[in-house]
Amino acid sequence: MGKQKEEKGMERKVDAMSCNIINELRLEKRFCDGVIMVDGTEFQVHKIILCGCSPYFMTLFNNGLYPPDKLRYCIPNVSAEIMELIMEYAYMRRVNITEKNVCKLLIAGDYLLVNSLVNECCAFLKAQLCPKNCINIWRFAHSYFFEKLKQQAFWFILHNFEEMVRLSEEFLDLTVEQLSEIIEKDELNVKKESVVFEAVLQWIKHAPWKRKAHIGVLLPKVRLWLLTHDYLMNNVSNNTLVMDDMTCKPIVTSILTGIDDLNSSLSLSSDLMRLRLPSAVLLTIGGLHNTEPTNAIQAYDTRAACWVNVTCNGQSPRAHHGMVYLNGFVYCIGGLDNVTYQSSVRRFDPITRTWAQVSPMYFCRCFVSVCVLDGHIYAMGGFDGIEHLNTVERYEPENDRWSMIAPMHEQRSNASATLLNGKVYICGGYNWREHLFSGEYYSPQMGAWTVIPPMMKRRNGLGVVAYGGQVYAVGGFDGTNELSDVEVYNPQTNVWKQGPAMNSKHRNFGIEVVDDLLFVLGGNNVECYDEQTSEWHAVEHTGISRRALSCCVLSGLPNIAEYAAPRENPFGVRAHGAPGATSNLLPTSEMYK
């Protein structure tokens with residue numbers, strides 16, 4: 001392996017050296033056999049180099065219209081400044097792409113069929129996507145037919161709609177067709193449908209004299225059925241822009257009537273009632289069901305407030321394992337199957353719904369704690385069937401390789417870990433002598449573990465998660481009792497304090513944060529905590545009583561609909577504002593106000 005890497009490194013050095021030498025020949029105008037004329041500027045070139053870079057130049061130099069010994073070729077529609085960058089890329093296979101030159105470079109690269117440069121420019125723009133510029137990049141990609149970049153920018157707009165509306169000046173310059181295309185999508189990521197309605201009003205008010213006529217086109221794209229009755233009464237039905245429009249008024253009136261009489265609403269367009277898709281789902285895998293490991297996989301759809309069974313073939317039963325989501329894959333780490341403690345690691349592709357085996361850990365680790373930091377997976381402690389471990393392994397997915405790093409100060413199995421501020425925090429657990437109340441964190445810069453003040457209670461089988469800039473230690477077992485109480489650690493003050501207790505006692509459960517809510521799931525119930533209200537609320541049960549399960553959050557999936565409740569029947573699931581909606585079915589902060 002080391003020899004192969006060394007040989008590849010040598011090849012790269014030789015290639016770079018060759019490129020430098022040939023580019024120097026170009027700059028010194030030595031051995032050149034062609035001249036490219038651009039905007040009054042001459043570029044001495046080696047035809048063979050440009051032919052290897054682009055089929056445009058291959059055709060230009062081999063066209064039967066030109067004599068084989070022709071030297072000068074004029075290329076229109078490209079500036080000399082950009083052509084110099086194209087030449088640099090053709091010879092060096094690299095160029096300095098910046099925010100100032102990327103668009104011109106991309107257009108020229110596409111025109112001259114330098115496909116690898118086009119891909120690099122598109123990748124640069126994708127990496128630059130933010131709420132302020134996503135509209136411009138989307139429209140630019142549409143204008144020049146860069147379909148993949150267009151889709152990526154549009155996806156970003158959908159998933160960052162609220163921030164985009166708030167921060168982008170270009171939002172107000174959208175055409176009515178473009179705004180319609182955005183707000184009609186199921187994938188539009190909004191927690192409250194009122195955000196969409198208010199965005200429409202904001203867009204219209206930017207140029208009311210010519211845009212107010214578009215309310216009849218835009219309002220039917222808003223999922224009005226998902227708004228609360230109070231919001232409809234106070235913000236929609238008394239809006240003159242809406243109620244003066246012959247298209248909008250009957251829609252609003254029908255919805256207000258339908259809230260009191262479900263049957264009368266059946267004539268409404270299903271688009272008005274259709275739930276938006278979640279931008280992220282909570283995925284759970286495995287656990288103990290009736291003391292036996294299970295292979296059950298379920299996803300929680302936060303928009304529909306229900307669980308979806310997504311169990312698939314290929315996953316063996318597993319419990320007391322670790323689980324993380326990294327680079328588009330779910331990793332199930334260690335744990336216990338029906339027979340043995342495991343060192344194996346299974347990787348799940350949520351797009352193809354297939355499993356693959358990756359390199360195993362050095363140690364068997366049941367009751368393992370896991371975390372992701374800087375693109376690496378950390379597996380900490382656990383029980384190997386003989387002893388409780390303080391060892392720690394780190395996985396590099398790009399190399400499919402585990403390596404040992406500094407051990408923890410304590411042996412810990414059945415602990416829990418989280419990431420906060422570039423550090424891995426782990427708390428509690430069991431070391432064969434006692435249930436632990438200690439905690440520590442790992443800094444990759446220091447390469448060492450640092451002890452933090454102990455928790456107020458001993459906690460084995462607890463959940464630890466970063467939430468609101470602090471570390472939450474939730475539930476567990478103190479050696480005598482299962483716990484419902486919560487402690488919160490502030491890394492700034494280095495102090496633990498008491499947090500709001502859960503409604504139920506939990507031990508060996510899954511814990512994650514999704515849609516700014518902290519979810520606890522395991523045993524016979526599920527609940528979530530809202531930091532804004534400092535309250536815990538019941539969530540619909542998974543339907544399977546499981547302990548020792550693991551969970552993670554899947555986000556940004558192009559096939560997120562496969563992990564969400566069906567949207568075809570608007571009455572199949574109940575939404576916020578719909579008849580019969582109850583607080584235990586949709587845990588959003590607006591719901592509990």
# chains A, B, ... in the order shown; residues from 1 in each chain; ligands from 1
>>> residues_around(residues="Tyr341 (chain A)", least_positions_apart="6", cutoff="9 Å", atoms="only C-alpha atoms", output="VMD selection string")
chain A and resid 334 to 335 364 to 366 383 to 385
>>> select_by_dssp(residues="region 349-538 of chain A", states="strand (DSSP E or B)", output="PyMOL selection string")
chain A and resi 349+354-358+366+369-373+376-380+383+388+392-396+401-405+413+416-420+423-427+430+435+439-443+448-452+460+463-467+470-477+482-490+495-499+506+510-514+517-523+525-530+535-538
>>> write_last_selection(atoms="C-alpha atoms", output="compact mmCIF listing (two decimals), in the first residue's frame")
# COMPACT_ATOMS: atom_id res chain seq x y z
CA ASP A 349 -26.62 3.73 0.99
CA THR A 354 -28.25 -1.34 -0.25
CA TRP A 355 -25.76 -2.50 2.38
CA ALA A 356 -22.01 -3.05 2.07
CA GLN A 357 -19.33 -4.28 4.45
CA VAL A 358 -16.39 -1.95 5.16
CA CYS A 366 -20.80 -3.56 22.00
CA SER A 369 -20.17 5.44 21.56
CA VAL A 370 -19.72 7.03 18.14
CA CYS A 371 -19.34 10.49 16.65
CA VAL A 372 -18.28 12.24 13.42
CA LEU A 373 -15.62 14.96 13.40
CA HIS A 376 -13.85 10.91 10.34
CA ILE A 377 -15.82 8.46 12.49
CA TYR A 378 -14.78 8.04 16.12
CA ALA A 379 -15.63 4.77 17.92
CA MET A 380 -15.07 5.03 21.68
CA PHE A 383 -17.48 -3.91 25.75
CA HIS A 388 -14.90 -2.60 29.23
CA VAL A 392 -10.61 4.79 20.74
CA GLU A 393 -10.49 4.18 16.99
CA ARG A 394 -10.86 6.64 14.12
CA TYR A 395 -12.13 5.71 10.66
CA GLU A 396 -11.07 7.37 7.40
CA ARG A 401 -9.08 2.39 7.29
CA TRP A 402 -9.32 2.40 11.08
CA SER A 403 -6.47 3.68 13.25
CA MET A 404 -5.98 3.84 17.01
CA ILE A 405 -5.79 7.24 18.70
CA SER A 413 -19.21 1.09 27.87
CA SER A 416 -22.77 8.41 24.85
CA ALA A 417 -20.88 10.99 22.77
CA THR A 418 -21.51 14.11 20.72
CA LEU A 419 -19.68 16.78 18.72
CA LEU A 420 -19.55 20.42 19.83
CA LYS A 423 -14.43 18.56 20.06
CA VAL A 424 -15.81 15.11 20.83
CA TYR A 425 -17.55 14.96 24.23
CA ILE A 426 -18.29 11.66 25.96
CA CYS A 427 -20.06 11.23 29.29
CA TYR A 430 -20.00 1.76 33.01
CA HIS A 435 -21.83 3.60 36.93
CA GLY A 439 -17.01 13.18 31.28
CA GLU A 440 -14.17 14.17 28.96
CA TYR A 441 -13.54 15.63 25.51
CA TYR A 442 -11.10 14.93 22.69
CA SER A 443 -9.44 17.71 20.72
CA ALA A 448 -5.51 14.11 23.75
CA TRP A 449 -8.48 13.77 26.08
CA THR A 450 -9.33 16.39 28.72
CA VAL A 451 -11.49 15.68 31.77
CA ILE A 452 -14.50 17.96 32.38
CA ASN A 460 -25.20 4.41 32.41
CA GLY A 463 -27.99 9.92 25.79
CA VAL A 464 -25.56 12.77 25.09
CA VAL A 465 -26.22 15.33 22.36
CA ALA A 466 -25.16 18.87 21.42
CA TYR A 467 -28.15 21.22 21.38
CA GLN A 470 -24.46 23.06 25.01
CA VAL A 471 -24.04 19.38 25.85
CA TYR A 472 -27.19 17.62 27.09
CA ALA A 473 -26.89 14.47 29.22
CA VAL A 474 -30.28 12.80 29.21
CA GLY A 475 -31.77 9.93 31.23
CA GLY A 476 -29.90 6.67 31.82
CA PHE A 477 -29.52 4.36 34.85
CA GLU A 482 -33.88 4.59 35.53
CA LEU A 483 -33.76 8.36 35.11
CA SER A 484 -35.93 11.00 33.49
CA ASP A 485 -33.88 14.01 34.54
CA VAL A 486 -31.55 16.03 32.31
CA GLU A 487 -28.26 17.83 32.90
CA VAL A 488 -26.79 20.51 30.64
CA TYR A 489 -23.08 21.32 30.32
CA ASN A 490 -21.94 24.75 29.18
CA VAL A 495 -20.42 24.01 34.62
CA TRP A 496 -23.28 21.48 34.62
CA LYS A 497 -26.79 22.64 35.50
CA GLN A 498 -30.14 20.95 35.83
CA GLY A 499 -32.36 20.90 32.74
CA HIS A 506 -35.37 6.35 29.44
CA GLY A 510 -31.66 6.85 20.59
CA ILE A 511 -31.11 10.59 20.78
CA GLU A 512 -30.79 13.17 17.98
CA VAL A 513 -31.64 16.75 17.04
CA VAL A 514 -33.78 17.34 13.95
CA LEU A 517 -35.95 19.71 18.36
CA LEU A 518 -34.22 17.15 20.59
CA PHE A 519 -35.74 13.68 20.11
CA VAL A 520 -35.49 10.78 22.56
CA LEU A 521 -36.75 7.41 21.36
CA GLY A 522 -36.66 3.96 22.86
CA GLY A 523 -38.72 1.65 25.00
CA ASN A 525 -42.49 6.00 23.94
CA VAL A 526 -40.92 8.87 22.02
CA GLU A 527 -40.69 12.47 23.14
CA CYS A 528 -39.02 15.67 22.01
CA TYR A 529 -37.71 18.78 23.72
CA ASP A 530 -38.10 22.32 22.42
CA GLU A 535 -40.84 21.81 27.40
CA TRP A 536 -40.96 18.11 26.53
CA HIS A 537 -43.79 16.81 24.36
CA ALA A 538 -45.03 13.36 23.41
>>> atom_distance(atom1="CA of Arg93 (chain A)", atom2="CA of Cys19 (chain A)")
7.9 Å
>>> closest_residue(among="A:Ala406, A:Ile215, A:Cys103, A:Val330", to="Lys249 (chain A)", atoms="only C-alpha atoms")
A:Ile215
>>> residues_around(residues="region 154-159 of chain A", least_positions_apart="4", cutoff="10 Å", atoms="only C-alpha atoms", output="PyMOL selection string")
chain A and resi 126+129-131+133-135+137-139+141+148-150+163-165+181-183+185-190+278-280+555-556+558
>>> write_last_selection(atoms="N, CA, C and O atoms", output="CSV table (one decimal), in the first residue's frame")
chain,number,residue,atom,x,y,z
A,126,LYS,N,-20.9,25.7,-7.1
A,126,LYS,CA,-21.7,25.0,-6.2
A,126,LYS,C,-21.2,25.2,-4.8
A,126,LYS,O,-22.0,25.3,-3.8
A,129,LEU,N,-22.3,28.5,-3.2
A,129,LEU,CA,-23.8,28.7,-3.0
A,129,LEU,C,-24.1,29.1,-1.6
A,129,LEU,O,-23.6,28.5,-0.6
A,130,CYS,N,-24.8,30.2,-1.5
A,130,CYS,CA,-25.3,30.7,-0.2
A,130,CYS,C,-26.6,31.4,-0.3
A,130,CYS,O,-27.0,31.6,-1.5
A,131,PRO,N,-27.3,31.7,0.7
A,131,PRO,CA,-28.6,32.3,0.6
A,131,PRO,C,-28.6,33.6,-0.2
A,131,PRO,O,-29.6,34.0,-0.9
A,133,ASN,N,-26.5,34.4,-2.9
A,133,ASN,CA,-26.2,34.4,-4.3
A,133,ASN,C,-26.9,33.2,-5.0
A,133,ASN,O,-26.7,33.1,-6.2
A,134,CYS,N,-27.7,32.4,-4.3
A,134,CYS,CA,-28.2,31.2,-5.0
A,134,CYS,C,-29.2,31.5,-6.1
A,134,CYS,O,-29.2,30.8,-7.1
A,135,ILE,N,-29.9,32.6,-6.0
A,135,ILE,CA,-30.8,33.0,-7.1
A,135,ILE,C,-30.0,33.4,-8.3
A,135,ILE,O,-30.4,32.9,-9.5
A,137,ILE,N,-27.0,32.4,-9.2
A,137,ILE,CA,-26.4,31.3,-9.8
A,137,ILE,C,-27.4,30.4,-10.5
A,137,ILE,O,-27.1,29.9,-11.6
A,138,TRP,N,-28.6,30.3,-9.9
A,138,TRP,CA,-29.7,29.5,-10.6
A,138,TRP,C,-30.0,30.1,-11.9
A,138,TRP,O,-30.1,29.4,-12.9
A,139,ARG,N,-30.2,31.4,-12.0
A,139,ARG,CA,-30.6,32.1,-13.2
A,139,ARG,C,-29.4,32.1,-14.2
A,139,ARG,O,-29.7,31.9,-15.4
A,141,ALA,N,-27.1,29.7,-14.5
A,141,ALA,CA,-27.0,28.3,-15.0
A,141,ALA,C,-28.2,28.1,-16.0
A,141,ALA,O,-28.0,27.4,-17.0
A,148,LYS,N,-26.9,20.7,-14.7
A,148,LYS,CA,-26.5,20.1,-13.4
A,148,LYS,C,-26.4,21.2,-12.3
A,148,LYS,O,-26.9,21.1,-11.2
A,149,LEU,N,-25.7,22.3,-12.7
A,149,LEU,CA,-25.5,23.4,-11.8
A,149,LEU,C,-26.9,24.1,-11.5
A,149,LEU,O,-27.1,24.5,-10.4
A,150,LYS,N,-27.7,24.2,-12.5
A,150,LYS,CA,-29.0,24.7,-12.3
A,150,LYS,C,-29.8,23.9,-11.3
A,150,LYS,O,-30.5,24.5,-10.4
A,163,GLU,N,-34.0,31.5,4.7
A,163,GLU,CA,-32.8,32.4,4.7
A,163,GLU,C,-32.7,33.2,3.4
A,163,GLU,O,-32.3,34.3,3.4
A,164,MET,N,-33.0,32.5,2.3
A,164,MET,CA,-32.9,33.1,1.0
A,164,MET,C,-33.8,34.3,0.9
A,164,MET,O,-33.4,35.4,0.5
A,165,VAL,N,-35.0,34.2,1.4
A,165,VAL,CA,-36.0,35.3,1.3
A,165,VAL,C,-35.5,36.4,2.2
A,165,VAL,O,-35.7,37.6,1.8
A,181,GLU,N,-42.4,28.5,-9.6
A,181,GLU,CA,-41.7,27.2,-9.7
A,181,GLU,C,-41.1,26.8,-8.4
A,181,GLU,O,-41.0,25.6,-8.0
A,182,ILE,N,-40.7,27.8,-7.6
A,182,ILE,CA,-40.1,27.5,-6.3
A,182,ILE,C,-41.1,27.1,-5.3
A,182,ILE,O,-41.0,26.1,-4.6
A,183,ILE,N,-42.2,27.9,-5.1
A,183,ILE,CA,-43.1,27.7,-4.0
A,183,ILE,C,-44.1,26.5,-4.2
A,183,ILE,O,-44.7,26.1,-3.3
A,185,LYS,N,-43.2,23.5,-5.1
A,185,LYS,CA,-42.5,22.2,-4.9
A,185,LYS,C,-42.8,21.6,-3.5
A,185,LYS,O,-42.7,22.3,-2.5
A,186,ASP,N,-43.0,20.3,-3.5
A,186,ASP,CA,-43.1,19.6,-2.2
A,186,ASP,C,-41.8,19.7,-1.4
A,186,ASP,O,-41.9,19.7,-0.2
A,187,GLU,N,-40.7,19.8,-2.1
A,187,GLU,CA,-39.4,19.9,-1.4
A,187,GLU,C,-39.1,21.2,-0.7
A,187,GLU,O,-38.0,21.3,-0.1
A,188,LEU,N,-39.9,22.2,-0.9
A,188,LEU,CA,-39.7,23.5,-0.3
A,188,LEU,C,-39.6,23.3,1.2
A,188,LEU,O,-40.5,22.9,1.9
A,189,ASN,N,-38.5,23.8,1.8
A,189,ASN,CA,-38.2,23.5,3.2
A,189,ASN,C,-38.7,24.7,4.1
A,189,ASN,O,-37.9,25.6,4.3
A,190,VAL,N,-39.9,24.6,4.6
A,190,VAL,CA,-40.4,25.6,5.5
A,190,VAL,C,-41.1,24.8,6.7
A,190,VAL,O,-41.8,23.9,6.4
A,278,PRO,N,-40.2,16.7,4.2
A,278,PRO,CA,-39.2,17.2,5.2
A,278,PRO,C,-37.8,17.3,4.5
A,278,PRO,O,-37.5,16.6,3.5
A,279,SER,N,-37.0,18.2,5.0
A,279,SER,CA,-35.7,18.4,4.4
A,279,SER,C,-34.7,17.3,5.1
A,279,SER,O,-33.7,17.0,4.6
A,280,ALA,N,-35.2,16.8,6.2
A,280,ALA,CA,-34.4,15.8,6.9
A,280,ALA,C,-35.3,14.9,7.6
A,280,ALA,O,-36.4,15.2,8.0
A,555,SER,N,-30.2,14.0,5.8
A,555,SER,CA,-30.6,15.3,5.2
A,555,SER,C,-30.1,15.4,3.8
A,555,SER,O,-29.1,14.8,3.4
A,556,GLY,N,-30.7,16.2,3.0
A,556,GLY,CA,-30.3,16.5,1.6
A,556,GLY,C,-30.4,15.4,0.6
A,556,GLY,O,-29.8,15.4,-0.4
A,558,PRO,N,-31.8,13.3,-2.4
A,558,PRO,CA,-32.7,13.5,-3.6
A,558,PRO,C,-33.9,12.7,-3.5
A,558,PRO,O,-34.9,13.0,-4.2
>>> atom_distance(atom1="CA of Ile251 (chain A)", atom2="CA of Val195 (chain A)")
18.7 Å
>>> atom_distance(atom1="CA of Phe61 (chain A)", atom2="CA of Gln44 (chain A)")
14.0 Å
>>> select_by_dssp(residues="region 88-149 of chain A", states="alpha helix (DSSP H)", output="ChimeraX atom specification")
/A:88-92,102-111,115-128,134-143,147-149
>>> residues_around(residues="Arg303 (chain A)", least_positions_apart="3", cutoff="7 Å", atoms="only C-alpha atoms", output="list in words")
Leu275, Arg276, Leu277 and Pro278 of chain A
>>> residues_around(residues="region 539-552 of chain A", least_positions_apart="3", cutoff="8 Å", atoms="only C-alpha atoms", output="VMD selection string")
chain A and resid 282 to 290 298 305 to 307 319 to 325 507 to 512 522 to 528 584 to 587
>>> residues_around(residues="region 68-74 of chain A", least_positions_apart="5", cutoff="9 Å", atoms="only C-alpha atoms", output="PyMOL selection string")
chain A and resi 33-39+42+60-63
>>> closest_residue(among="A:Asp301, A:Glu28, A:Glu387, A:Glu410", to="Ser438 (chain A)", atoms="only C-alpha atoms")
A:Glu410
>>> closest_residue(among="A:Arg353, A:Thr493, A:Gly428, A:Arg459", to="Ile560 (chain A)", atoms="only C-alpha atoms")
A:Arg353
>>> residues_around(residues="region 116-121 of chain A", least_positions_apart="5", cutoff="10 Å", atoms="only C-alpha atoms", output="list in words")
Cys53, Ser54, Ile86, Tyr89, Ala90, Arg93, Arg94, Val95, Ile97, Thr98, Glu99, Asn101, Val102, Cys103, Lys104, Leu105, Leu106, Ile107, Ala108, Gly109, Asp110, Tyr111, Lys126, Ala127, Phe146, Lys148 and Leu149 of chain A
>>> decode(residues="region 275-286 of chain A", atoms="all heavy atoms", output="PDB file, in the first residue's frame")
ATOM      1  N   LEU A 275     -48.910  18.132   2.081  1.00  0.00           N
ATOM      2  CA  LEU A 275     -47.813  18.428   2.999  1.00  0.00           C
ATOM      3  C   LEU A 275     -46.507  18.618   2.237  1.00  0.00           C
ATOM      4  O   LEU A 275     -46.238  17.928   1.253  1.00  0.00           O
ATOM      5  CB  LEU A 275     -47.635  17.295   4.010  1.00  0.00           C
ATOM      6  CG  LEU A 275     -48.784  17.029   4.972  1.00  0.00           C
ATOM      7  CD1 LEU A 275     -48.495  15.777   5.787  1.00  0.00           C
ATOM      8  CD2 LEU A 275     -48.992  18.212   5.894  1.00  0.00           C
ATOM      9  N   ARG A 276     -45.690  19.537   2.695  1.00  0.00           N
ATOM     10  CA  ARG A 276     -44.334  19.660   2.164  1.00  0.00           C
ATOM     11  C   ARG A 276     -43.512  18.456   2.632  1.00  0.00           C
ATOM     12  O   ARG A 276     -43.761  17.892   3.692  1.00  0.00           O
ATOM     13  CB  ARG A 276     -43.665  20.933   2.689  1.00  0.00           C
ATOM     14  CG  ARG A 276     -44.432  22.218   2.419  1.00  0.00           C
ATOM     15  CD  ARG A 276     -44.277  22.710   1.014  1.00  0.00           C
ATOM     16  NE  ARG A 276     -44.929  24.016   0.837  1.00  0.00           N
ATOM     17  CZ  ARG A 276     -45.029  24.638  -0.328  1.00  0.00           C
ATOM     18  NH1 ARG A 276     -44.507  24.091  -1.413  1.00  0.00           N
ATOM     19  NH2 ARG A 276     -45.646  25.807  -0.417  1.00  0.00           N
ATOM     20  N   LEU A 277     -42.526  18.096   1.843  1.00  0.00           N
ATOM     21  CA  LEU A 277     -41.607  17.035   2.256  1.00  0.00           C
ATOM     22  C   LEU A 277     -40.627  17.570   3.298  1.00  0.00           C
ATOM     23  O   LEU A 277     -40.250  18.743   3.246  1.00  0.00           O
ATOM     24  CB  LEU A 277     -40.829  16.508   1.052  1.00  0.00           C
ATOM     25  CG  LEU A 277     -41.600  15.596   0.098  1.00  0.00           C
ATOM     26  CD1 LEU A 277     -40.823  15.419  -1.195  1.00  0.00           C
ATOM     27  CD2 LEU A 277     -41.879  14.249   0.742  1.00  0.00           C
ATOM     28  N   PRO A 278     -40.197  16.734   4.225  1.00  0.00           N
ATOM     29  CA  PRO A 278     -39.188  17.186   5.178  1.00  0.00           C
ATOM     30  C   PRO A 278     -37.830  17.328   4.498  1.00  0.00           C
ATOM     31  O   PRO A 278     -37.534  16.613   3.537  1.00  0.00           O
ATOM     32  CB  PRO A 278     -39.154  16.057   6.219  1.00  0.00           C
ATOM     33  CG  PRO A 278     -39.576  14.846   5.452  1.00  0.00           C
ATOM     34  CD  PRO A 278     -40.577  15.326   4.430  1.00  0.00           C
ATOM     35  N   SER A 279     -37.016  18.246   4.970  1.00  0.00           N
ATOM     36  CA  SER A 279     -35.653  18.365   4.437  1.00  0.00           C
ATOM     37  C   SER A 279     -34.734  17.332   5.073  1.00  0.00           C
ATOM     38  O   SER A 279     -33.672  17.023   4.550  1.00  0.00           O
ATOM     39  CB  SER A 279     -35.100  19.764   4.690  1.00  0.00           C
ATOM     40  OG  SER A 279     -35.012  20.025   6.075  1.00  0.00           O
ATOM     41  N   ALA A 280     -35.165  16.806   6.217  1.00  0.00           N
ATOM     42  CA  ALA A 280     -34.385  15.793   6.930  1.00  0.00           C
ATOM     43  C   ALA A 280     -35.340  14.852   7.641  1.00  0.00           C
ATOM     44  O   ALA A 280     -36.447  15.242   8.018  1.00  0.00           O
ATOM     45  CB  ALA A 280     -33.434  16.445   7.938  1.00  0.00           C
ATOM     46  N   VAL A 281     -34.916  13.614   7.806  1.00  0.00           N
ATOM     47  CA  VAL A 281     -35.698  12.644   8.566  1.00  0.00           C
ATOM     48  C   VAL A 281     -34.812  12.011   9.627  1.00  0.00           C
ATOM     49  O   VAL A 281     -33.584  11.962   9.502  1.00  0.00           O
ATOM     50  CB  VAL A 281     -36.295  11.535   7.670  1.00  0.00           C
ATOM     51  CG1 VAL A 281     -37.300  12.104   6.693  1.00  0.00           C
ATOM     52  CG2 VAL A 281     -35.198  10.768   6.944  1.00  0.00           C
ATOM     53  N   LEU A 282     -35.462  11.542  10.684  1.00  0.00           N
ATOM     54  CA  LEU A 282     -34.773  10.831  11.753  1.00  0.00           C
ATOM     55  C   LEU A 282     -34.837   9.346  11.439  1.00  0.00           C
ATOM     56  O   LEU A 282     -35.923   8.773  11.331  1.00  0.00           O
ATOM     57  CB  LEU A 282     -35.467  11.137  13.084  1.00  0.00           C
ATOM     58  CG  LEU A 282     -34.879  10.517  14.349  1.00  0.00           C
ATOM     59  CD1 LEU A 282     -33.464  10.997  14.576  1.00  0.00           C
ATOM     60  CD2 LEU A 282     -35.757  10.851  15.543  1.00  0.00           C
ATOM     61  N   LEU A 283     -33.690   8.720  11.240  1.00  0.00           N
ATOM     62  CA  LEU A 283     -33.625   7.303  10.864  1.00  0.00           C
ATOM     63  C   LEU A 283     -33.182   6.469  12.058  1.00  0.00           C
ATOM     64  O   LEU A 283     -32.207   6.801  12.728  1.00  0.00           O
ATOM     65  CB  LEU A 283     -32.636   7.113   9.715  1.00  0.00           C
ATOM     66  CG  LEU A 283     -32.643   5.728   9.059  1.00  0.00           C
ATOM     67  CD1 LEU A 283     -33.857   5.583   8.146  1.00  0.00           C
ATOM     68  CD2 LEU A 283     -31.363   5.491   8.276  1.00  0.00           C
ATOM     69  N   THR A 284     -33.902   5.382  12.318  1.00  0.00           N
ATOM     70  CA  THR A 284     -33.537   4.458  13.392  1.00  0.00           C
ATOM     71  C   THR A 284     -33.283   3.076  12.807  1.00  0.00           C
ATOM     72  O   THR A 284     -33.980   2.649  11.873  1.00  0.00           O
ATOM     73  CB  THR A 284     -34.657   4.351  14.446  1.00  0.00           C
ATOM     74  OG1 THR A 284     -35.775   3.650  13.887  1.00  0.00           O
ATOM     75  CG2 THR A 284     -35.110   5.720  14.903  1.00  0.00           C
ATOM     76  N   ILE A 285     -32.286   2.397  13.349  1.00  0.00           N
ATOM     77  CA  ILE A 285     -31.933   1.060  12.870  1.00  0.00           C
ATOM     78  C   ILE A 285     -31.696   0.150  14.067  1.00  0.00           C
ATOM     79  O   ILE A 285     -31.011   0.509  15.023  1.00  0.00           O
ATOM     80  CB  ILE A 285     -30.678   1.081  11.979  1.00  0.00           C
ATOM     81  CG1 ILE A 285     -30.936   1.884  10.701  1.00  0.00           C
ATOM     82  CG2 ILE A 285     -30.229  -0.329  11.623  1.00  0.00           C
ATOM     83  CD1 ILE A 285     -29.752   1.957   9.759  1.00  0.00           C
ATOM     84  N   GLY A 286     -32.271  -1.063  13.995  1.00  0.00           N
ATOM     85  CA  GLY A 286     -31.979  -2.111  14.960  1.00  0.00           C
ATOM     86  C   GLY A 286     -32.546  -1.872  16.339  1.00  0.00           C
ATOM     87  O   GLY A 286     -33.523  -1.161  16.531  1.00  0.00           O
TER      88      GLY A 286
END
